[in-house]
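Peer 1: Submitted below is the structure of interest, expressed as structure tokens.
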Amino acid sequence: MVGYKKLMAMLALMVLVVAFAAPVMAQTGAMQSQPMQQGQGQGQATGQDLLGTIDSTQDISIFAAALKAAGDDKMLAGQGPYMVFAPSDKALQRDLGIESAQDLQGNDQAVKDVVDGSIVTAVKVPGQEQSSVTLTAINGKKLVASKAAGGITVNDIKSVDTIPATNGILVVTDGIV
């Protein structure tokens, strides 16, 4: 029963995220009918689990390498549901000075902190009158997802893309949540 409640809570949060993102995507033309390349998301499900979705999504290759370095990759191939807030390569380059996956070597604790602070398994779903939801990452970090004028933010970091996977949802962000 607890698993069912978690699944329903995650599905409700996914609806909240997609509902927040859809108007912004429509305004920017992201939802226009055009061929999609695998890994570019724009809200389109990949038909893969989160690990496969992360591996095939462009512009988060550094996070994908960090996920593997932290040892959390196998978890995201599991049943879920999970929500992953993955900073884009540009955000990691800007915020941490990481230019490539090789820059992660020797910085195991920092990698683990970024990755574990980006993965959510337990979700509190807001009531209909609320415009934000508080989430807890697997390292205990609190994340607040809110509807903002320009779309969804997580701890005041703008989401760039949301991509549904078979066991959760990937949210690409413009910074480290």
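Residues are named by chain letter and number: chains run A, B, ... in the order of the structure tokens, numbers start at 1 in each chain, and ligands are numbered from 1 in the order shown.
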As a list in words, please: the residues near Ile169 in chain A (cut-off 8 Å, only C-alpha atoms, same-chain neighbours under 4 positions excluded).

Peer 2: Met14, Leu50, Tyr82, Met83, Val84, Thr162, Ile163, Pro164 and Ala165 of chain A

Peer 1: Identify, on the basis of only C-alpha atoms, every residue whose closest approach to Gly140 in chain A does not exceed 10 Å; exclude the query and any residue fewer than 6 positions from it along the same chain; express the result as a ChimeraX atom specification.

Peer 2: /A:116-117,120

Peer 1: Give me the residues near Ala77 in chain A as a short mmCIF file (atom, residue, chain, number, x, y, z; two decimals) with C-alpha atoms, in the first residue's frame, where near means some atom within 12 Å (using only C-alpha atoms) and where sequence neighbours in that chain fewer than 5 positions away do not count.

Peer 2:
data_model
loop_
_atom_site.label_atom_id
_atom_site.label_comp_id
_atom_site.auth_asym_id
_atom_site.auth_seq_id
_atom_site.Cartn_x
_atom_site.Cartn_y
_atom_site.Cartn_z
CA GLN A 48 13.07 4.11 -21.47
CA ASP A 49 13.77 4.01 -17.75
CA LEU A 50 15.44 7.05 -16.21
CA LEU A 51 18.94 5.68 -16.67
CA GLY A 52 18.34 5.17 -20.40
CA THR A 53 16.62 8.55 -20.67
CA ILE A 54 19.54 10.31 -18.97
CA ASP A 55 22.07 8.49 -21.16
CA LEU A 67 25.58 9.67 -11.80
CA LYS A 68 27.73 6.67 -12.69
CA GLY A 71 27.10 4.79 -8.03
CA ASP A 72 23.45 5.83 -8.37
CA TYR A 82 11.98 8.67 -9.22
CA ALA A 165 10.49 7.97 -18.37
CA THR A 166 8.97 4.58 -17.59
CA ASN A 167 9.96 4.81 -13.91
CA GLY A 168 9.77 8.55 -13.23
#

Peer 1: Which one is closest to Lys141 in chain A: A:Gln102, A:Ala64, A:Asp113, A:Asp161? Count only C-alpha atoms.

Peer 2: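 Nearest to Lys141 in chain A: A:Asp113.
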
Peer 1: What separation in Å, quoted to one decimal, exists between CA of Val172 in chain A and CA of Gln109 in chain A?

Peer 2: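 So the answer is 22.0 Å.
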
Peer 1: Pick out the closest residue to Val115 in chain A from this set: A:Gly78, A:Gly97, A:Pro87, A:Gly151. Count only C-alpha atoms.

Peer 2: A:Pro87

Peer 1: Taking only C-alpha atoms into account, which of A:Ala65, A:Ala101, A:Ser131, A:Val160 comes nearest Ala148 in chain A?

Peer 2: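 Residue with the minimum atom-to-atom distance to Ala148 in chain A: A:Ser131.
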